[in-house]
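One structure below.
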Amino acid sequence: MGVHTQRLTLNTKGDCDVVDLTARLRDAVKASGVREGVATVFVPGSTAAVTTIEHEPGLVADLRSAFDRLVPRDLSYGHNRGGESNGHSHVRAALVGPSVSVPVLGGNPALGTWQQLVVIDFDDRARSREVIVQVVGED
Amino acid sequence: MGVHTQRLTLNTKGDCDVVDLTARLRDAVKASGVREGVATVFVPGSTAAVTTIEHEPGLVADLRSAFDRLVPRDLSYGHNRGGESNGHSHVRAALVGPSVSVPVLGGNPALGTWQQLVVIDFDDRARSREVIVQVVGED
Amino acid sequence: MGVHTQRLTLNTKGDCDVVDLTARLRDAVKASGVREGVATVFVPGSTAAVTTIEHEPGLVADLRSAFDRLVPRDLSYGHNRGGESNGHSHVRAALVGPSVSVPVLGGNPALGTWQQLVVIDFDDRARSREVIVQVVGED
């Protein structure tokens, strides 16, 4: 049993940018040497979130529309009273959550065929992000 | 310390079918022999999700009503332009997320008395699903 | 590798009370002696949830407003037919989910600077809650 940590860095465009990290997750699992275990994917920061979705342009647009409808940008946010403009980003990120735990089976993350691991950057500007992939398990 | 993986198979009716897996989670934890550790419950696939709820008929209906209201089936979805009909299912699943991590204490998952571990199948048709329960911990 | 469990107890005011547990999470990680690993934060109970947010009064109010809008208290809930009044609390908790997994790096949870680990009590009354912090990893 061992713990293997990788920090992925990525540039996001913000405004509900949905970034597919599946290939990098697979690489991180492979590099860990773990055959059976669990990969925790976590995004530090309070305006981004981690989940899974089929990453195709139609659905990415659908997800954005859903957030625009559910947590609109132009409501009155207490967070924005001090000059901030991303109150909606924080609320959206808290709803989705910062972590997903993916089992590792036979050296691969157990994602479905059409299921991609994504980071969503809800902030209202481009950001440089770090995502942590931590694999705990047996070689 | 060890890693113990079980694959559960289940048939779902789709359309926000909320399936109680608590008994099977308890059995999987028991079969693992782990006394202290963590059970990761993960559903491969992009139209299902894992969470907890009190699994009683009133609440299951309430949860369905909430999703019908928040992410309605009959909006215009980019995903459905190619002939698909389950754009809403994907968006709902991404909101809830594919994994829950439950601590194992004294050989049992640490769920509350009225808290059931459920898989929600948001797809718009009956499906056969696999759910992965992975227990990492000490005998 | 080892498993270290701590049970935190807290009193909540209910009605979407957002409680910052970051300092207690840091303490639990420190007490575990784990340098590299993962901290699972889990709330037993079906009317509370775990997520992360920047815990400042404006945003806490924004999060409450969002839940009042998305899952209002005064809809007709099947759960409330038997005399209960917290159908909305259960639905909200199921949406957010009961667990977050935070990597531990260098003996600290890898939260962002403005990212706090919070428990949200959605119940409609004050409660005494237990939150489980379980750290799995290497000294």
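Numbering starts fresh at 1 for the residues of each chain in the structure tokens, the chains themselves are lettered A, B, ... in the order given, and ligands are numbered from 1 as they appear.
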
Same-sequence overlay, chain C on chain A, C-alpha least squares, as a CSV table (one decimal) with N, CA and C atoms, in the first residue's frame:
chain,number,residue,atom,x,y,z
C,1,MET,N,0.9,-1.2,0.0
C,1,MET,CA,0.0,0.0,0.0
C,1,MET,C,0.9,1.2,0.0
C,2,GLY,N,0.5,2.2,-0.8
C,2,GLY,CA,1.2,3.5,-0.8
C,2,GLY,C,0.4,4.6,-1.2
C,3,VAL,N,0.9,5.8,-1.0
C,3,VAL,CA,0.2,7.1,-1.4
C,3,VAL,C,1.0,7.8,-2.5
C,4,HIS,N,0.4,8.1,-3.6
C,4,HIS,CA,1.1,8.7,-4.7
C,4,HIS,C,0.3,10.0,-5.1
C,5,THR,N,1.0,11.1,-5.0
C,5,THR,CA,0.4,12.4,-5.2
C,5,THR,C,0.9,13.0,-6.5
C,6,GLN,N,0.0,13.5,-7.3
C,6,GLN,CA,0.4,14.3,-8.5
C,6,GLN,C,-0.4,15.6,-8.5
C,7,ARG,N,0.3,16.7,-8.8
C,7,ARG,CA,-0.3,18.0,-8.9
C,7,ARG,C,-0.4,18.3,-10.4
C,8,LEU,N,-1.6,18.5,-10.9
C,8,LEU,CA,-1.8,18.9,-12.3
C,8,LEU,C,-2.0,20.4,-12.4
C,9,THR,N,-1.4,21.0,-13.3
C,9,THR,CA,-1.7,22.5,-13.5
C,9,THR,C,-2.4,22.6,-14.8
C,10,LEU,N,-3.3,23.6,-14.9
C,10,LEU,CA,-4.1,23.8,-16.1
C,10,LEU,C,-4.5,25.3,-16.1
C,11,ASN,N,-4.7,25.7,-17.4
C,11,ASN,CA,-5.2,27.1,-17.6
C,11,ASN,C,-6.7,27.0,-18.0
C,12,THR,N,-7.5,27.7,-17.3
C,12,THR,CA,-9.0,27.6,-17.6
C,12,THR,C,-9.4,29.0,-18.1
C,13,LYS,N,-10.5,29.0,-18.9
C,13,LYS,CA,-11.1,30.2,-19.4
C,13,LYS,C,-12.1,30.9,-18.4
C,14,GLY,N,-12.4,30.1,-17.4
C,14,GLY,CA,-13.4,30.7,-16.5
C,14,GLY,C,-14.8,30.6,-17.1
C,15,ASP,N,-15.8,31.2,-16.3
C,15,ASP,CA,-17.2,31.3,-16.8
C,15,ASP,C,-17.8,29.9,-17.2
C,16,CYS,N,-17.6,29.0,-16.3
C,16,CYS,CA,-18.2,27.6,-16.5
C,16,CYS,C,-17.4,26.8,-17.6
C,17,ASP,N,-16.1,27.0,-17.6
C,17,ASP,CA,-15.2,26.2,-18.5
C,17,ASP,C,-15.1,24.8,-17.9
C,18,VAL,N,-15.5,23.8,-18.8
C,18,VAL,CA,-15.5,22.4,-18.4
C,18,VAL,C,-14.3,21.7,-19.0
C,19,VAL,N,-13.3,21.4,-18.2
C,19,VAL,CA,-12.1,20.9,-18.7
C,19,VAL,C,-12.0,19.4,-18.5
C,20,ASP,N,-11.8,18.6,-19.6
C,20,ASP,CA,-11.7,17.2,-19.5
C,20,ASP,C,-10.3,16.8,-19.0
C,21,LEU,N,-10.2,16.1,-17.8
C,21,LEU,CA,-8.9,15.7,-17.3
C,21,LEU,C,-8.7,14.2,-17.3
C,22,THR,N,-9.5,13.5,-18.1
C,22,THR,CA,-9.5,12.0,-18.1
C,22,THR,C,-8.2,11.5,-18.5
C,23,ALA,N,-7.6,12.0,-19.5
C,23,ALA,CA,-6.3,11.5,-20.0
C,23,ALA,C,-5.2,11.7,-19.0
C,24,ARG,N,-5.2,12.9,-18.3
C,24,ARG,CA,-4.2,13.1,-17.3
C,24,ARG,C,-4.5,12.3,-16.0
C,25,LEU,N,-5.7,12.0,-15.7
C,25,LEU,CA,-6.0,11.1,-14.6
C,25,LEU,C,-5.5,9.7,-14.9
C,26,ARG,N,-5.7,9.2,-16.1
C,26,ARG,CA,-5.2,7.9,-16.5
C,26,ARG,C,-3.7,7.9,-16.4
C,27,ASP,N,-3.0,8.9,-16.9
C,27,ASP,CA,-1.6,9.0,-16.8
C,27,ASP,C,-1.1,9.0,-15.4
C,28,ALA,N,-1.8,9.8,-14.5
C,28,ALA,CA,-1.4,9.9,-13.1
C,28,ALA,C,-1.5,8.5,-12.4
C,29,VAL,N,-2.6,7.8,-12.7
C,29,VAL,CA,-2.8,6.5,-12.2
C,29,VAL,C,-1.7,5.5,-12.6
C,30,LYS,N,-1.4,5.6,-13.9
C,30,LYS,CA,-0.4,4.7,-14.5
C,30,LYS,C,1.0,5.0,-13.8
C,31,ALA,N,1.3,6.3,-13.7
C,31,ALA,CA,2.6,6.7,-13.1
C,31,ALA,C,2.7,6.3,-11.7
C,32,SER,N,1.6,6.2,-11.0
C,32,SER,CA,1.6,5.8,-9.6
C,32,SER,C,2.0,4.3,-9.4
C,33,GLY,N,1.8,3.5,-10.4
C,33,GLY,CA,2.0,2.1,-10.3
C,33,GLY,C,1.0,1.3,-9.6
C,34,VAL,N,-0.1,2.0,-9.1
C,34,VAL,CA,-1.1,1.3,-8.3
C,34,VAL,C,-2.0,0.5,-9.3
C,35,ARG,N,-2.3,-0.7,-8.9
C,35,ARG,CA,-3.2,-1.6,-9.7
C,35,ARG,C,-4.6,-1.6,-9.1
C,36,GLU,N,-4.7,-1.6,-7.8
C,36,GLU,CA,-6.0,-1.6,-7.1
C,36,GLU,C,-6.0,-0.5,-6.0
C,37,GLY,N,-6.9,0.4,-6.0
C,37,GLY,CA,-6.9,1.4,-5.1
C,37,GLY,C,-8.0,2.5,-5.4
C,38,VAL,N,-7.7,3.7,-4.9
C,38,VAL,CA,-8.7,4.7,-5.2
C,38,VAL,C,-7.9,6.0,-5.5
C,39,ALA,N,-8.4,6.7,-6.6
C,39,ALA,CA,-7.9,8.0,-7.0
C,39,ALA,C,-8.8,9.1,-6.5
C,40,THR,N,-8.3,10.0,-5.6
C,40,THR,CA,-9.0,11.1,-5.2
C,40,THR,C,-8.6,12.3,-6.1
C,41,VAL,N,-9.6,12.9,-6.7
C,41,VAL,CA,-9.4,14.1,-7.5
C,41,VAL,C,-10.0,15.3,-6.8
C,42,PHE,N,-9.2,16.3,-6.5
C,42,PHE,CA,-9.6,17.4,-5.7
C,42,PHE,C,-9.1,18.7,-6.2
C,43,VAL,N,-10.0,19.7,-6.3
C,43,VAL,CA,-9.5,21.1,-6.8
C,43,VAL,C,-9.5,22.0,-5.6
C,44,PRO,N,-8.3,22.5,-5.2
C,44,PRO,CA,-8.2,23.6,-4.3
C,44,PRO,C,-8.8,24.9,-4.9
C,45,GLY,N,-9.5,25.6,-4.1
C,45,GLY,CA,-10.1,26.9,-4.6
C,45,GLY,C,-11.6,26.8,-4.4
C,46,SER,N,-12.2,27.9,-4.2
C,46,SER,CA,-13.7,27.9,-3.9
C,46,SER,C,-14.6,28.3,-5.1
C,47,THR,N,-14.0,28.4,-6.3
C,47,THR,CA,-14.9,28.8,-7.4
C,47,THR,C,-14.7,27.7,-8.5
C,48,ALA,N,-14.2,26.5,-8.2
C,48,ALA,CA,-14.1,25.4,-9.2
C,48,ALA,C,-14.6,24.2,-8.5
C,49,ALA,N,-15.0,23.2,-9.3
C,49,ALA,CA,-15.5,22.0,-8.8
C,49,ALA,C,-15.1,20.8,-9.7
C,50,VAL,N,-15.3,19.6,-9.1
C,50,VAL,CA,-14.9,18.3,-9.8
C,50,VAL,C,-16.2,17.5,-10.0
C,51,THR,N,-16.4,16.9,-11.1
C,51,THR,CA,-17.5,15.9,-11.3
C,51,THR,C,-17.2,15.1,-12.6
C,52,THR,N,-18.1,14.3,-13.0
C,52,THR,CA,-18.0,13.6,-14.3
C,52,THR,C,-19.1,13.9,-15.2
C,53,ILE,N,-18.9,13.9,-16.5
C,53,ILE,CA,-19.9,14.1,-17.5
C,53,ILE,C,-19.4,13.6,-18.8
C,54,GLU,N,-20.2,13.3,-19.8
C,54,GLU,CA,-19.8,13.0,-21.1
C,54,GLU,C,-19.4,14.3,-21.7
C,55,HIS,N,-18.1,14.4,-22.0
C,55,HIS,CA,-17.5,15.7,-22.4
C,55,HIS,C,-17.7,15.9,-23.9
C,56,GLU,N,-18.9,16.3,-24.4
C,56,GLU,CA,-19.1,16.6,-25.8
C,56,GLU,C,-19.7,18.0,-25.8
C,57,PRO,N,-19.5,18.7,-26.9
C,57,PRO,CA,-19.9,20.2,-26.9
C,57,PRO,C,-21.4,20.4,-26.6
C,58,GLY,N,-22.3,19.6,-27.1
C,58,GLY,CA,-23.7,19.8,-26.8
C,58,GLY,C,-23.9,19.8,-25.3
C,59,LEU,N,-23.4,18.8,-24.6
C,59,LEU,CA,-23.6,18.6,-23.2
C,59,LEU,C,-22.9,19.7,-22.4
C,60,VAL,N,-21.8,20.1,-22.8
C,60,VAL,CA,-21.1,21.2,-22.1
C,60,VAL,C,-21.9,22.4,-22.1
C,61,ALA,N,-22.5,22.7,-23.3
C,61,ALA,CA,-23.4,23.9,-23.4
C,61,ALA,C,-24.6,23.7,-22.6
C,62,ASP,N,-25.1,22.5,-22.5
C,62,ASP,CA,-26.3,22.2,-21.7
C,62,ASP,C,-26.0,22.4,-20.2
C,63,LEU,N,-24.9,22.0,-19.8
C,63,LEU,CA,-24.5,22.2,-18.4
C,63,LEU,C,-24.4,23.7,-18.0
C,64,ARG,N,-23.8,24.4,-18.9
C,64,ARG,CA,-23.7,25.9,-18.7
C,64,ARG,C,-25.1,26.5,-18.7
C,65,SER,N,-26.0,26.1,-19.6
C,65,SER,CA,-27.3,26.7,-19.5
C,65,SER,C,-28.0,26.4,-18.2
C,66,ALA,N,-27.8,25.1,-17.7
C,66,ALA,CA,-28.4,24.8,-16.5
C,66,ALA,C,-27.9,25.7,-15.3
C,67,PHE,N,-26.6,25.9,-15.3
C,67,PHE,CA,-26.1,26.8,-14.2
C,67,PHE,C,-26.6,28.2,-14.4
C,68,ASP,N,-26.6,28.7,-15.6
C,68,ASP,CA,-27.1,30.0,-15.8
C,68,ASP,C,-28.6,30.2,-15.4
C,69,ARG,N,-29.3,29.1,-15.5
C,69,ARG,CA,-30.7,29.1,-15.1
C,69,ARG,C,-30.9,28.9,-13.5
C,70,LEU,N,-30.1,28.0,-13.0
C,70,LEU,CA,-30.2,27.7,-11.6
C,70,LEU,C,-29.6,28.7,-10.6
C,71,VAL,N,-28.4,29.2,-11.0
C,71,VAL,CA,-27.6,30.1,-10.2
C,71,VAL,C,-27.2,31.2,-11.1
C,72,PRO,N,-28.1,32.2,-11.5
C,72,PRO,CA,-27.8,33.2,-12.4
C,72,PRO,C,-26.7,34.1,-11.9
C,73,ARG,N,-25.9,34.7,-12.9
C,73,ARG,CA,-24.9,35.6,-12.5
C,73,ARG,C,-25.4,36.9,-12.0
C,74,ASP,N,-26.6,37.4,-12.5
C,74,ASP,CA,-27.0,38.7,-12.3
C,74,ASP,C,-28.0,38.9,-11.2
C,75,LEU,N,-28.1,37.9,-10.3
C,75,LEU,CA,-28.9,38.2,-9.1
C,75,LEU,C,-28.1,39.1,-8.1
C,76,SER,N,-28.7,39.5,-7.1
C,76,SER,CA,-28.0,40.3,-6.1
C,76,SER,C,-27.3,39.4,-5.1
C,77,TYR,N,-25.9,39.4,-5.1
C,77,TYR,CA,-25.2,38.5,-4.2
C,77,TYR,C,-24.5,39.3,-3.1
C,78,GLY,N,-24.7,38.9,-1.8
C,78,GLY,CA,-24.0,39.5,-0.7
C,78,GLY,C,-22.5,39.6,-0.9
C,79,HIS,N,-22.0,38.5,-1.5
C,79,HIS,CA,-20.5,38.4,-1.7
C,79,HIS,C,-20.0,39.5,-2.6
C,80,ASN,N,-20.9,40.1,-3.5
C,80,ASN,CA,-20.5,41.1,-4.5
C,80,ASN,C,-20.5,42.5,-3.9
C,81,ARG,N,-21.0,42.6,-2.7
C,81,ARG,CA,-21.2,44.0,-2.1
C,81,ARG,C,-19.8,44.7,-1.9
C,82,GLY,N,-18.8,43.9,-1.7
C,82,GLY,CA,-17.4,44.5,-1.5
C,82,GLY,C,-16.6,44.7,-2.8
C,83,GLY,N,-17.3,44.5,-3.9
C,83,GLY,CA,-16.6,44.8,-5.2
C,83,GLY,C,-16.3,43.5,-6.0
C,84,GLU,N,-16.6,42.4,-5.3
C,84,GLU,CA,-16.4,41.1,-6.1
C,84,GLU,C,-17.5,41.0,-7.1
C,85,SER,N,-17.3,40.1,-8.1
C,85,SER,CA,-18.3,39.9,-9.1
C,85,SER,C,-18.7,38.4,-9.3
C,86,ASN,N,-18.1,37.6,-8.5
C,86,ASN,CA,-18.2,36.1,-8.7
C,86,ASN,C,-19.0,35.4,-7.6
C,87,GLY,N,-20.0,36.1,-7.0
C,87,GLY,CA,-20.8,35.4,-6.0
C,87,GLY,C,-21.4,34.1,-6.6
C,88,HIS,N,-21.9,34.2,-7.8
C,88,HIS,CA,-22.6,33.0,-8.5
C,88,HIS,C,-21.6,31.9,-8.6
C,89,SER,N,-20.3,32.2,-8.9
C,89,SER,CA,-19.3,31.2,-9.1
C,89,SER,C,-19.1,30.4,-7.8
C,90,HIS,N,-19.0,31.0,-6.7
C,90,HIS,CA,-18.9,30.4,-5.4
C,90,HIS,C,-20.1,29.4,-5.1
C,91,VAL,N,-21.3,30.0,-5.3
C,91,VAL,CA,-22.5,29.1,-5.0
C,91,VAL,C,-22.5,27.9,-5.9
C,92,ARG,N,-22.2,28.1,-7.2
C,92,ARG,CA,-22.2,26.9,-8.1
C,92,ARG,C,-21.2,25.9,-7.7
C,93,ALA,N,-20.0,26.3,-7.3
C,93,ALA,CA,-18.9,25.4,-6.9
C,93,ALA,C,-19.3,24.6,-5.6
C,94,ALA,N,-19.9,25.3,-4.7
C,94,ALA,CA,-20.3,24.6,-3.5
C,94,ALA,C,-21.4,23.6,-3.7
C,95,LEU,N,-22.3,23.8,-4.7
C,95,LEU,CA,-23.3,22.9,-5.0
C,95,LEU,C,-22.7,21.6,-5.6
C,96,VAL,N,-21.7,21.7,-6.5
C,96,VAL,CA,-21.2,20.5,-7.1
C,96,VAL,C,-20.1,19.8,-6.3
C,97,GLY,N,-19.3,20.6,-5.6
C,97,GLY,CA,-18.3,20.0,-4.7
C,97,GLY,C,-17.0,19.9,-5.3
C,98,PRO,N,-15.9,19.8,-4.4
C,98,PRO,CA,-14.5,19.9,-4.9
C,98,PRO,C,-13.8,18.6,-5.1
C,99,SER,N,-14.5,17.4,-4.9
C,99,SER,CA,-13.8,16.2,-5.0
C,99,SER,C,-14.6,15.1,-5.6
C,100,VAL,N,-14.0,14.2,-6.3
C,100,VAL,CA,-14.6,12.9,-6.7
C,100,VAL,C,-13.6,11.8,-6.4
C,101,SER,N,-14.1,10.7,-6.0
C,101,SER,CA,-13.2,9.5,-5.7
C,101,SER,C,-13.5,8.4,-6.7
C,102,VAL,N,-12.5,8.0,-7.5
C,102,VAL,CA,-12.6,7.1,-8.6
C,102,VAL,C,-11.8,5.8,-8.2
C,103,PRO,N,-12.5,4.6,-8.2
C,103,PRO,CA,-11.8,3.4,-7.9
C,103,PRO,C,-10.8,3.1,-9.0
C,104,VAL,N,-9.6,2.5,-8.7
C,104,VAL,CA,-8.6,2.1,-9.7
C,104,VAL,C,-8.7,0.6,-9.7
C,105,LEU,N,-9.0,0.1,-10.9
C,105,LEU,CA,-9.1,-1.4,-11.1
C,105,LEU,C,-8.1,-1.8,-12.2
C,106,GLY,N,-7.2,-2.7,-11.9
C,106,GLY,CA,-6.3,-3.2,-12.9
C,106,GLY,C,-5.4,-2.1,-13.5
C,107,GLY,N,-5.2,-1.1,-12.7
C,107,GLY,CA,-4.3,0.0,-13.1
C,107,GLY,C,-5.0,1.1,-13.9
C,108,ASN,N,-6.3,1.1,-13.9
C,108,ASN,CA,-7.0,2.1,-14.7
C,108,ASN,C,-8.2,2.7,-13.8
C,109,PRO,N,-8.4,4.0,-13.9
C,109,PRO,CA,-9.6,4.5,-13.3
C,109,PRO,C,-10.9,3.9,-13.9
C,110,ALA,N,-11.8,3.6,-13.0
C,110,ALA,CA,-13.0,2.8,-13.4
C,110,ALA,C,-14.1,3.7,-14.0
C,111,LEU,N,-13.8,4.6,-14.8
C,111,LEU,CA,-14.8,5.4,-15.5
C,111,LEU,C,-15.5,4.7,-16.5
C,112,GLY,N,-16.8,5.1,-16.8
C,112,GLY,CA,-17.5,4.5,-17.9
C,112,GLY,C,-17.0,5.0,-19.2
C,113,THR,N,-17.4,4.3,-20.3
C,113,THR,CA,-16.9,4.6,-21.6
C,113,THR,C,-17.1,6.1,-22.0
C,114,TRP,N,-18.3,6.6,-21.7
C,114,TRP,CA,-18.6,8.0,-22.1
C,114,TRP,C,-18.5,8.9,-20.9
C,115,GLN,N,-17.9,8.5,-19.8
C,115,GLN,CA,-17.8,9.3,-18.6
C,115,GLN,C,-16.4,9.9,-18.5
C,116,GLN,N,-16.4,11.2,-18.6
C,116,GLN,CA,-15.1,11.9,-18.4
C,116,GLN,C,-15.0,12.6,-17.1
C,117,LEU,N,-13.8,12.6,-16.5
C,117,LEU,CA,-13.5,13.3,-15.3
C,117,LEU,C,-13.2,14.8,-15.6
C,118,VAL,N,-14.0,15.7,-15.1
C,118,VAL,CA,-13.9,17.1,-15.5
C,118,VAL,C,-13.7,18.0,-14.3
C,119,VAL,N,-13.0,19.1,-14.5
C,119,VAL,CA,-13.0,20.2,-13.6
C,119,VAL,C,-13.8,21.3,-14.2
C,120,ILE,N,-14.7,21.9,-13.5
C,120,ILE,CA,-15.4,23.0,-14.0
C,120,ILE,C,-14.9,24.3,-13.3
C,121,ASP,N,-14.5,25.3,-14.0
C,121,ASP,CA,-14.1,26.5,-13.5
C,121,ASP,C,-15.2,27.5,-13.6
C,122,PHE,N,-15.8,27.8,-12.4
C,122,PHE,CA,-17.0,28.7,-12.4
C,122,PHE,C,-16.6,30.2,-12.3
C,123,ASP,N,-15.3,30.4,-12.1
C,123,ASP,CA,-15.0,31.8,-11.8
C,123,ASP,C,-15.3,32.7,-13.1
C,124,ASP,N,-15.3,34.0,-12.9
C,124,ASP,CA,-15.7,34.8,-14.0
C,124,ASP,C,-14.6,35.4,-14.8
C,125,ARG,N,-13.4,34.7,-14.6
C,125,ARG,CA,-12.2,35.2,-15.4
C,125,ARG,C,-11.3,33.9,-15.6
C,126,ALA,N,-10.4,34.1,-16.5
C,126,ALA,CA,-9.4,33.0,-16.8
C,126,ALA,C,-8.6,32.8,-15.5
C,127,ARG,N,-8.2,31.6,-15.3
C,127,ARG,CA,-7.5,31.2,-14.1
C,127,ARG,C,-6.4,30.2,-14.4
C,128,SER,N,-5.3,30.2,-13.6
C,128,SER,CA,-4.4,29.1,-13.6
C,128,SER,C,-4.9,28.2,-12.4
C,129,ARG,N,-5.1,26.9,-12.6
C,129,ARG,CA,-5.6,26.1,-11.6
C,129,ARG,C,-4.6,24.9,-11.3
C,130,GLU,N,-4.6,24.4,-10.1
C,130,GLU,CA,-4.0,23.2,-9.7
C,130,GLU,C,-5.0,22.2,-9.3
C,131,VAL,N,-4.9,21.0,-9.8
C,131,VAL,CA,-5.8,19.9,-9.4
C,131,VAL,C,-4.9,18.8,-8.8
C,132,ILE,N,-5.3,18.3,-7.7
C,132,ILE,CA,-4.5,17.2,-7.1
C,132,ILE,C,-5.2,15.9,-7.3
C,133,VAL,N,-4.3,14.9,-7.8
C,133,VAL,CA,-4.7,13.6,-8.0
C,133,VAL,C,-3.9,12.7,-7.0
C,134,GLN,N,-4.6,12.1,-6.1
C,134,GLN,CA,-3.9,11.3,-5.1
C,134,GLN,C,-4.4,9.9,-5.2
C,135,VAL,N,-3.4,9.0,-5.4
C,135,VAL,CA,-3.8,7.5,-5.6
C,135,VAL,C,-3.3,6.8,-4.4
C,136,VAL,N,-4.2,6.1,-3.7
C,136,VAL,CA,-3.9,5.3,-2.6
C,136,VAL,C,-4.2,3.8,-3.0
C,137,GLY,N,-3.2,2.9,-2.8
C,137,GLY,CA,-3.5,1.5,-3.1
C,137,GLY,C,-2.3,0.7,-3.2
C,138,GLU,N,-2.5,-0.5,-3.9
C,138,GLU,CA,-1.5,-1.5,-3.9
C,138,GLU,C,-0.9,-1.6,-5.4
C,139,ASP,N,0.4,-1.8,-5.4
C,139,ASP,CA,1.0,-2.0,-6.7
C,139,ASP,C,0.5,-3.3,-7.4

- Just list the residues in chain B DSSP gives alpha helix (DSSP H) on the backbone, as a ChimeraX atom specification. /B:22-32,57-70,87-96

For N, CA and C atoms, I'd like the residues from the last selection saved as a CSV table (one decimal), in the first residue's frame.
chain,number,residue,atom,x,y,z
B,22,THR,N,-28.0,0.2,0.5
B,22,THR,CA,-27.4,0.2,1.8
B,22,THR,C,-27.1,-1.3,2.3
B,23,ALA,N,-28.0,-2.2,2.1
B,23,ALA,CA,-27.8,-3.6,2.6
B,23,ALA,C,-26.6,-4.2,1.8
B,24,ARG,N,-26.5,-3.9,0.5
B,24,ARG,CA,-25.4,-4.5,-0.3
B,24,ARG,C,-24.1,-3.8,0.1
B,25,LEU,N,-24.2,-2.5,0.5
B,25,LEU,CA,-22.9,-1.9,0.9
B,25,LEU,C,-22.5,-2.5,2.3
B,26,ARG,N,-23.4,-2.7,3.2
B,26,ARG,CA,-23.1,-3.4,4.5
B,26,ARG,C,-22.4,-4.8,4.2
B,27,ASP,N,-23.1,-5.5,3.3
B,27,ASP,CA,-22.5,-6.8,3.0
B,27,ASP,C,-21.1,-6.8,2.4
B,28,ALA,N,-20.9,-5.8,1.5
B,28,ALA,CA,-19.6,-5.7,0.9
B,28,ALA,C,-18.6,-5.3,1.9
B,29,VAL,N,-18.9,-4.4,2.8
B,29,VAL,CA,-18.0,-4.1,3.9
B,29,VAL,C,-17.7,-5.3,4.8
B,30,LYS,N,-18.7,-6.0,5.1
B,30,LYS,CA,-18.5,-7.2,5.9
B,30,LYS,C,-17.6,-8.2,5.2
B,31,ALA,N,-17.9,-8.4,3.9
B,31,ALA,CA,-17.1,-9.4,3.2
B,31,ALA,C,-15.7,-9.0,3.0
B,32,SER,N,-15.4,-7.7,3.1
B,32,SER,CA,-14.0,-7.2,3.0
B,32,SER,C,-13.2,-7.5,4.2
B,57,PRO,N,-40.9,6.4,0.3
B,57,PRO,CA,-41.6,6.7,-1.0
B,57,PRO,C,-41.9,8.2,-1.1
B,58,GLY,N,-42.3,8.9,0.0
B,58,GLY,CA,-42.6,10.3,-0.1
B,58,GLY,C,-41.4,11.1,-0.6
B,59,LEU,N,-40.2,10.8,0.1
B,59,LEU,CA,-39.0,11.6,-0.3
B,59,LEU,C,-38.5,11.2,-1.7
B,60,VAL,N,-38.6,10.0,-2.1
B,60,VAL,CA,-38.2,9.6,-3.4
B,60,VAL,C,-39.0,10.4,-4.4
B,61,ALA,N,-40.3,10.5,-4.2
B,61,ALA,CA,-41.1,11.3,-5.1
B,61,ALA,C,-40.7,12.8,-5.0
B,62,ASP,N,-40.4,13.3,-3.8
B,62,ASP,CA,-40.0,14.7,-3.7
B,62,ASP,C,-38.7,15.0,-4.5
B,63,LEU,N,-37.8,14.0,-4.4
B,63,LEU,CA,-36.5,14.2,-5.1
B,63,LEU,C,-36.7,14.2,-6.6
B,64,ARG,N,-37.6,13.3,-7.1
B,64,ARG,CA,-37.9,13.3,-8.5
B,64,ARG,C,-38.6,14.7,-8.9
B,65,SER,N,-39.5,15.2,-8.1
B,65,SER,CA,-40.1,16.5,-8.4
B,65,SER,C,-39.1,17.6,-8.5
B,66,ALA,N,-38.2,17.5,-7.6
B,66,ALA,CA,-37.1,18.6,-7.6
B,66,ALA,C,-36.3,18.5,-8.9
B,67,PHE,N,-35.9,17.4,-9.3
B,67,PHE,CA,-35.2,17.3,-10.5
B,67,PHE,C,-36.0,17.7,-11.8
B,68,ASP,N,-37.3,17.3,-11.7
B,68,ASP,CA,-38.2,17.7,-12.9
B,68,ASP,C,-38.3,19.2,-12.9
B,69,ARG,N,-38.2,19.9,-11.8
B,69,ARG,CA,-38.3,21.3,-11.7
B,69,ARG,C,-37.0,22.0,-12.1
B,70,LEU,N,-35.9,21.4,-11.5
B,70,LEU,CA,-34.6,22.1,-11.7
B,70,LEU,C,-34.0,21.8,-13.0
B,87,GLY,N,-30.5,14.3,-22.6
B,87,GLY,CA,-29.6,15.5,-22.2
B,87,GLY,C,-29.9,15.8,-20.7
B,88,HIS,N,-31.1,15.8,-20.3
B,88,HIS,CA,-31.4,16.2,-18.9
B,88,HIS,C,-30.8,15.2,-17.9
B,89,SER,N,-30.7,13.9,-18.3
B,89,SER,CA,-30.2,12.9,-17.5
B,89,SER,C,-28.7,13.1,-17.2
B,90,HIS,N,-28.0,13.5,-18.2
B,90,HIS,CA,-26.5,13.8,-18.1
B,90,HIS,C,-26.3,15.0,-17.1
B,91,VAL,N,-27.1,16.1,-17.3
B,91,VAL,CA,-26.9,17.3,-16.5
B,91,VAL,C,-27.2,17.0,-15.1
B,92,ARG,N,-28.3,16.2,-14.8
B,92,ARG,CA,-28.6,15.9,-13.4
B,92,ARG,C,-27.5,15.1,-12.8
B,93,ALA,N,-27.0,14.1,-13.5
B,93,ALA,CA,-26.0,13.2,-12.9
B,93,ALA,C,-24.7,14.0,-12.6
B,94,ALA,N,-24.4,15.0,-13.5
B,94,ALA,CA,-23.2,15.8,-13.2
B,94,ALA,C,-23.3,16.7,-12.0
B,95,LEU,N,-24.6,17.1,-11.7
B,95,LEU,CA,-24.8,17.9,-10.6
B,95,LEU,C,-24.6,17.2,-9.3
B,96,VAL,N,-25.1,15.9,-9.2
B,96,VAL,CA,-25.1,15.1,-8.0
B,96,VAL,C,-23.7,14.5,-7.8

- Using DSSP on the backbone coordinates, identify the residues of range 9-139 of chain B assigned to strand (DSSP E); present them as number ranges by chain. B: 9-12, 17-20, 36-42, 48-53, 99-105, 108-109, 116-121, 127-138
